[in-house]
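> What follows is work.cif, mmCIF, C-alpha atoms and all ligand atoms.
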```cif
data_data
#
loop_
_atom_site.group_PDB
_atom_site.id
_atom_site.type_symbol
_atom_site.label_atom_id
_atom_site.label_comp_id
_atom_site.auth_asym_id
_atom_site.auth_seq_id
_atom_site.Cartn_x
_atom_site.Cartn_y
_atom_site.Cartn_z
ATOM 1 C CA MET A 14 -10.266 -82.846 26.902
ATOM 2 C CA LEU A 15 -7.324 -81.398 25.015
ATOM 3 C CA ASP A 16 -5.415 -80.708 28.256
ATOM 4 C CA LEU A 17 -3.914 -77.577 26.732
ATOM 5 C CA ASN A 18 -2.144 -76.908 30.040
ATOM 6 C CA LYS A 19 0.044 -79.958 29.309
ATOM 7 C CA ALA A 20 0.728 -79.045 25.661
ATOM 8 C CA LYS A 21 4.142 -77.986 24.317
ATOM 9 C CA HIS A 22 3.278 -77.045 20.745
ATOM 10 C CA ILE A 23 -0.265 -76.175 19.651
ATOM 11 C CA LEU A 24 -1.353 -75.736 16.038
ATOM 12 C CA GLU A 25 -4.715 -74.195 15.222
ATOM 13 C CA VAL A 26 -5.542 -74.413 11.512
ATOM 14 C CA ALA A 27 -8.218 -72.233 9.952
ATOM 15 C CA CYS A 28 -8.298 -69.885 12.964
ATOM 16 C CA GLY A 29 -10.612 -67.465 11.123
ATOM 17 C CA THR A 30 -10.684 -64.220 13.079
ATOM 18 C CA CYS A 31 -9.088 -65.942 16.104
ATOM 19 C CA ARG A 32 -12.262 -66.183 18.145
ATOM 20 C CA LEU A 33 -10.823 -69.167 20.004
ATOM 21 C CA LEU A 34 -7.462 -67.653 20.914
ATOM 22 C CA PRO A 35 -8.603 -65.453 23.850
ATOM 23 C CA LEU A 36 -9.876 -68.673 25.477
ATOM 24 C CA THR A 37 -7.045 -71.049 24.591
ATOM 25 C CA VAL A 38 -4.329 -68.591 25.562
ATOM 26 C CA ASN A 39 -5.541 -68.758 29.160
ATOM 27 C CA LEU A 40 -5.466 -72.552 29.162
ATOM 28 C CA LYS A 41 -1.916 -72.994 27.916
ATOM 29 C CA ALA A 42 1.379 -72.245 29.665
ATOM 30 C CA PRO A 43 3.026 -69.001 28.424
ATOM 31 C CA GLU A 44 6.042 -70.973 27.089
ATOM 32 C CA THR A 45 3.821 -73.298 25.036
ATOM 33 C CA THR A 46 3.973 -72.295 21.388
ATOM 34 C CA TYR A 47 0.707 -71.538 19.601
ATOM 35 C CA LEU A 48 0.641 -71.320 15.827
ATOM 36 C CA ALA A 49 -2.676 -70.051 14.462
ATOM 37 C CA THR A 50 -3.119 -70.174 10.693
ATOM 38 C CA ASP A 51 -5.746 -69.380 8.121
ATOM 39 C CA LEU A 52 -5.843 -69.726 4.355
ATOM 40 C CA THR A 53 -5.535 -66.076 3.388
ATOM 41 C CA GLN A 54 -3.581 -63.060 4.565
ATOM 42 C CA SER A 55 -6.805 -61.025 4.611
ATOM 43 C CA MET A 56 -8.235 -63.389 7.241
ATOM 44 C CA VAL A 57 -5.013 -63.127 9.242
ATOM 45 C CA ASP A 58 -5.266 -59.310 9.031
ATOM 46 C CA ALA A 59 -8.868 -59.504 10.259
ATOM 47 C CA ALA A 60 -7.786 -61.782 13.120
ATOM 48 C CA GLN A 61 -5.061 -59.341 14.157
ATOM 49 C CA LYS A 62 -7.483 -56.427 14.027
ATOM 50 C CA ARG A 63 -9.943 -58.301 16.238
ATOM 51 C CA LEU A 64 -7.235 -59.307 18.733
ATOM 52 C CA LYS A 65 -5.928 -55.725 18.913
ATOM 53 C CA ALA A 66 -9.433 -54.486 19.700
ATOM 54 C CA ASN A 67 -9.825 -57.214 22.347
ATOM 55 C CA LEU A 68 -6.580 -56.243 24.047
ATOM 56 C CA GLU A 69 -7.541 -52.556 24.089
ATOM 57 C CA LYS A 70 -10.968 -53.409 25.487
ATOM 58 C CA ALA A 71 -9.405 -55.539 28.209
ATOM 59 C CA GLY A 72 -7.059 -52.666 29.132
ATOM 60 C CA VAL A 73 -3.919 -54.642 28.232
ATOM 61 C CA LYS A 74 -1.013 -52.208 27.901
ATOM 62 C CA ASP A 75 1.059 -54.433 25.586
ATOM 63 C CA SER A 76 0.823 -53.986 21.835
ATOM 64 C CA LEU A 77 -0.420 -56.997 19.877
ATOM 65 C CA GLU A 78 3.200 -57.728 18.866
ATOM 66 C CA GLU A 79 4.361 -57.667 22.511
ATOM 67 C CA TRP A 80 1.399 -59.751 23.681
ATOM 68 C CA THR A 81 1.887 -62.447 21.017
ATOM 69 C CA LYS A 82 5.644 -62.583 21.711
ATOM 70 C CA LYS A 83 5.099 -62.912 25.494
ATOM 71 C CA ASN A 84 2.602 -65.711 24.923
ATOM 72 C CA ASN A 85 4.599 -67.471 22.201
ATOM 73 C CA ILE A 86 1.833 -66.963 19.645
ATOM 74 C CA THR A 87 2.347 -66.762 15.881
ATOM 75 C CA ILE A 88 -0.469 -65.968 13.479
ATOM 76 C CA LYS A 89 0.162 -66.504 9.782
ATOM 77 C CA ALA A 90 -1.411 -67.411 6.471
ATOM 78 C CA ALA A 91 -1.085 -71.077 5.508
ATOM 79 C CA ASN A 92 -3.105 -73.679 3.690
ATOM 80 C CA GLY A 93 -4.025 -76.482 6.089
ATOM 81 C CA GLU A 94 -3.931 -78.942 3.187
ATOM 82 C CA GLU A 95 -0.201 -78.343 2.665
ATOM 83 C CA PRO A 96 2.755 -78.810 5.053
ATOM 84 C CA ILE A 97 3.115 -75.772 7.300
ATOM 85 C CA GLU A 98 6.650 -74.584 7.954
ATOM 86 C CA SER A 99 7.552 -75.227 11.564
ATOM 87 C CA PRO A 100 10.749 -76.162 13.442
ATOM 88 C CA HIS A 101 8.842 -78.846 15.379
ATOM 89 C CA LYS A 102 5.840 -81.131 15.217
ATOM 90 C CA PHE A 103 2.715 -80.478 17.309
ATOM 91 C CA ASP A 104 1.219 -82.278 20.293
ATOM 92 C CA ARG A 105 -2.166 -80.539 19.999
ATOM 93 C CA ILE A 106 -3.913 -79.747 16.723
ATOM 94 C CA ILE A 107 -7.168 -77.801 16.556
ATOM 95 C CA ALA A 108 -9.275 -77.647 13.379
ATOM 96 C CA ASN A 109 -12.495 -75.897 14.246
ATOM 97 C CA LEU A 110 -15.256 -75.782 11.604
ATOM 98 C CA VAL A 111 -12.950 -76.121 8.592
ATOM 99 C CA LEU A 112 -13.101 -79.710 7.312
ATOM 100 C CA MET A 113 -16.491 -79.135 5.727
ATOM 101 C CA ALA A 114 -15.224 -75.908 4.117
ATOM 102 C CA THR A 115 -11.869 -76.953 2.692
ATOM 103 C CA GLU A 116 -11.402 -78.292 -0.860
ATOM 104 C CA ASP A 117 -10.202 -81.742 0.198
ATOM 105 C CA PRO A 118 -10.949 -82.676 3.832
ATOM 106 C CA LEU A 119 -9.068 -85.977 3.636
ATOM 107 C CA LYS A 120 -5.958 -84.230 2.299
ATOM 108 C CA MET A 121 -6.189 -81.774 5.202
ATOM 109 C CA MET A 122 -6.484 -84.556 7.800
ATOM 110 C CA ARG A 123 -3.539 -86.450 6.244
ATOM 111 C CA ASN A 124 -1.470 -83.255 6.225
ATOM 112 C CA LEU A 125 -2.336 -82.441 9.844
ATOM 113 C CA SER A 126 -1.461 -86.012 10.853
ATOM 114 C CA SER A 127 1.935 -85.655 9.176
ATOM 115 C CA MET A 128 2.633 -82.627 11.391
ATOM 116 C CA ALA A 129 1.520 -84.398 14.561
ATOM 117 C CA GLU A 130 3.856 -85.777 17.194
ATOM 118 C CA GLU A 131 3.150 -89.297 18.394
ATOM 119 C CA GLY A 132 0.268 -89.107 20.885
ATOM 120 C CA CYS A 133 -0.931 -85.741 19.565
ATOM 121 C CA LEU A 134 -4.462 -84.832 20.604
ATOM 122 C CA PHE A 135 -6.782 -83.484 17.900
ATOM 123 C CA GLY A 136 -9.731 -81.162 18.486
ATOM 124 C CA VAL A 137 -11.836 -81.227 15.320
ATOM 125 C CA THR A 138 -15.362 -79.913 14.833
ATOM 126 C CA ILE A 139 -17.616 -79.784 11.773
ATOM 127 C CA TRP A 140 -21.110 -78.609 11.036
ATOM 128 C CA GLY A 141 -23.206 -81.676 11.646
ATOM 129 C CA ASN A 142 -26.928 -82.143 11.504
ATOM 130 C CA LYS A 143 -28.623 -79.891 8.948
ATOM 131 C CA GLU A 144 -31.916 -80.007 10.851
ATOM 132 C CA LEU A 145 -30.257 -78.495 13.924
ATOM 133 C CA SER A 146 -28.476 -75.702 12.046
ATOM 134 C CA ASN A 147 -31.157 -73.135 11.280
ATOM 135 C CA PHE A 148 -28.624 -70.332 11.276
ATOM 136 C CA MET A 149 -26.844 -71.906 8.282
ATOM 137 C CA THR A 150 -29.922 -73.003 6.365
ATOM 138 C CA LEU A 151 -32.475 -70.234 6.849
ATOM 139 C CA ILE A 152 -31.262 -67.919 4.066
ATOM 140 C CA PRO A 153 -30.717 -70.635 1.380
ATOM 141 C CA GLU A 154 -34.136 -72.155 2.237
ATOM 142 C CA ALA A 155 -35.841 -68.741 1.971
ATOM 143 C CA MET A 156 -34.082 -68.054 -1.354
ATOM 144 C CA LYS A 157 -35.145 -71.464 -2.681
ATOM 145 C CA ALA A 158 -38.763 -70.846 -1.574
ATOM 146 C CA LYS A 159 -38.752 -67.509 -3.464
ATOM 147 C CA GLY A 160 -37.218 -69.102 -6.565
ATOM 148 C CA LEU A 161 -34.034 -67.072 -6.159
ATOM 149 C CA MET A 162 -31.912 -70.203 -5.923
ATOM 150 C CA GLN A 163 -32.420 -73.315 -7.970
ATOM 151 C CA GLY A 164 -31.268 -76.857 -7.373
ATOM 152 C CA PRO A 165 -29.015 -78.023 -4.561
ATOM 153 C CA PRO A 166 -25.618 -76.327 -4.146
ATOM 154 C CA PRO A 167 -22.726 -78.445 -5.511
ATOM 155 C CA ARG A 168 -21.543 -79.161 -1.973
ATOM 156 C CA THR A 169 -23.249 -78.190 1.259
ATOM 157 C CA PRO A 170 -21.495 -77.398 4.558
ATOM 158 C CA PHE A 171 -23.108 -80.593 5.871
ATOM 159 C CA HIS A 172 -21.448 -82.959 3.391
ATOM 160 C CA LEU A 173 -19.358 -84.590 6.121
ATOM 161 C CA TYR A 174 -22.318 -85.408 8.370
ATOM 162 C CA GLY A 175 -22.144 -89.060 9.393
ATOM 163 C CA LYS A 176 -18.816 -89.611 7.619
ATOM 164 C CA LEU A 177 -16.459 -88.899 10.496
ATOM 165 C CA GLY A 178 -18.097 -90.801 13.332
HETATM 166 C C1 LIG B 1 -16.312 -71.470 9.382
HETATM 167 S S1 LIG B 1 -14.757 -70.621 9.447
HETATM 168 C C2 LIG B 1 -14.171 -71.177 11.051
HETATM 169 C C3 LIG B 1 -13.180 -70.220 11.624
HETATM 170 C C4 LIG B 1 -12.696 -70.542 13.041
HETATM 171 N N1 LIG B 1 -12.077 -71.842 13.117
HETATM 172 C C5 LIG B 1 -13.840 -70.430 14.015
HETATM 173 O O1 LIG B 1 -14.310 -71.461 14.505
HETATM 174 O O2 LIG B 1 -14.271 -69.291 14.286
HETATM 175 C C6 LIG B 1 -13.780 -71.585 8.309
HETATM 176 C C7 LIG B 1 -12.371 -71.033 8.113
HETATM 177 O O3 LIG B 1 -11.612 -71.985 7.401
HETATM 178 C C8 LIG B 1 -10.686 -71.293 6.590
HETATM 179 N N2 LIG B 1 -10.175 -72.258 5.598
HETATM 180 C C9 LIG B 1 -10.869 -72.865 4.618
HETATM 181 N N3 LIG B 1 -10.080 -73.705 3.941
HETATM 182 C C10 LIG B 1 -8.849 -73.641 4.518
HETATM 183 C C11 LIG B 1 -7.593 -74.259 4.270
HETATM 184 N N4 LIG B 1 -7.448 -75.131 3.282
HETATM 185 N N5 LIG B 1 -6.552 -73.958 5.053
HETATM 186 C C12 LIG B 1 -6.694 -73.049 6.055
HETATM 187 N N6 LIG B 1 -7.846 -72.433 6.347
HETATM 188 C C13 LIG B 1 -8.909 -72.717 5.579
HETATM 189 C C14 LIG B 1 -11.486 -70.125 6.064
HETATM 190 O O4 LIG B 1 -10.663 -69.087 5.592
HETATM 191 C C15 LIG B 1 -12.295 -69.731 7.315
HETATM 192 O O5 LIG B 1 -11.620 -68.766 8.073
#
```
If you convert what's in this file into structure tokens, what do you get?


Amino acid sequence: MLDLNKAKHILEVACGTCRLLPLTVNLKAPETTYLATDLTQSMVDAAQKRLKANLEKAGVKDSLEEWTKKNNITIKAANGEEPIESPHKFDRIIANLVLMATEDPLKMMRNLSSMAEEGCLFGVTIWGNKELSNFMTLIPEAMKAKGLMQGPPPRTPFHLYGKLG
């Protein structure tokens, strides 16, 4: 769908611990740039630690620095609601499971659009239907049932359900 093999410049905002990168790196051409960002440096550190472990497990001889350089990958801290420093715009933008978590989802989408080249393809996912997300609701529901949590949270991860379609 995103035709990453045809991309020139990919931006992934809110990459978390870079779970997606081992998949996307195999879909893109080595010369295609890939900028993966997350809000905090501690998340970027966690992503780098995970990637290092992945490379070791896969028997890759390159260090993480060599591997990222060879594959034109940059991982850095950046707020997806604010312009991200880059010498070029992007023709693919990935925002996986972040819009329902960020302070201002509309601001993030406007900001991402401002960094998009004409014709840019977006891959955006959010948590959708509460009823189908037991993993996310089980603990809060159990706490509510035991009286450990009162009232609804100020904003749930499902607040965008039905608003983007
Ligand atoms: C549910 S995790 C998803 C992580 C990753 N995309 C994945 O699918 O594994 C949400 C991520 O969004 C990040 N995040 C939240 N607000 C952000 C913002 N304004 N800019 C960048 N990242 C943000 C969090 O730090 C967290 O890593």

> The PyMOL selection byres (((chain A and resi 105-109) around 10) and not hetatm) - which residues does that actually catch in the file I just gave you? List them as number ranges by chain.

A: 15-17, 19-29, 33, 47-49, 93, 102-104, 110-113, 121-122, 125-126, 128-130, 132-140

> Emit as JSON the padded axis-aligned box for all listed atoms of segment 148-156 of chain A, 4 Å per side, with centre and edge lengths in Å to one decimal.


```
{"center_x": -31.3, "center_y": -70.5, "center_z": 5.0, "size_x": 17.0, "size_y": 13.1, "size_z": 20.6}
```

> Pick from A:Leu64, A:Cys31, A:Ile88, A:Leu77: nearest to ligand LIG 1 (chain B), with all atoms listed in the file counted?

A:Cys31

> Compile the contact shell of Asn92 of chain A as a list in words: residues with an atom at most 7 Å away, counting only C-alpha atoms, same-chain residues fewer than 3 positions apart removed.

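Surrounding residues, per the criterion: Asp51, Leu52 and Glu95 of chain A.
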
> Which is closer to ligand LIG 1 (chain B) than all the others in A:Gln163, A:Ala60, A:Ile152, A:Thr115, using all atoms listed in the file?

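Among A:Gln163, A:Ala60, A:Ile152, A:Thr115, it is A:Thr115 that comes nearest to ligand LIG 1 (chain B).
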
> Output the residue selection produced by the PyMOL selection byres (((chain A and resi 40) around 9) and not hetatm) on the file above, formatted as a ChimeraX atom specification.

/A:16-18,36-39,41-42

> Quick one: distance from atom CA of Glu98 of chain A to atom N5 of ligand LIG 1 (chain B) in Å, one decimal?

13.5 Å

> As a check of understanding, name the residues that the PyMOL selection byres (((chain A and resi 62) around 12) and not hetatm) selects in the supplied structure, as a list in words.

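Taken on the displayed file, the PyMOL selection byres (((chain A and resi 62) around 12) and not hetatm) yields the residues Gly29, Thr30, Cys31, Arg32, Ser55, Met56, Val57, Asp58, Ala59, Ala60, Gln61, Arg63, Leu64, Lys65, Ala66, Asn67, Leu68, Glu69, Ser76, Leu77, Glu78 and Ile88 of chain A.
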
> For ligand LIG 1 (chain B), which residue out of A:Lys120, A:Lys82, A:His101, A:Lys176 is the nearest one, using only C-alpha atoms and all ligand atoms?

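Smallest separation from ligand LIG 1 (chain B) among the options: A:Lys120.
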
> How many Å lie between atom S1 of ligand LIG 1 (chain B) and atom CA of Glu154 of chain A, rounded to one decimal?

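Interatomic distance, atom S1 of ligand LIG 1 (chain B) to atom CA of Glu154 of chain A: 20.7 Å.
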
> Tell me, in Å to one decimal, how far atom CA of Thr169 of chain A is from atom CA of Glu144 of chain A.

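Going from atom CA of Thr169 of chain A over to atom CA of Glu144 of chain A covers 13.1 Å.
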
> Using only C-alpha atoms and all ligand atoms, can you tell me which of A:Gly160, A:Pro43, A:Pro170, A:Pro153 comes closest to ligand LIG 1 (chain B)?

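The answer is A:Pro170, which sits nearest to ligand LIG 1 (chain B).
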
> Considering all atoms listed in the file, state which residue in the set A:Asn84, A:Asn142, A:Asn124, A:Thr46 is at the smallest distance from ligand LIG 1 (chain B).

A:Asn124

> Using all atoms listed in the file, find the one residue out of A:Arg123, A:Glu94, A:Ile86, A:Pro35 that sits nearest to ligand LIG 1 (chain B).

A:Glu94
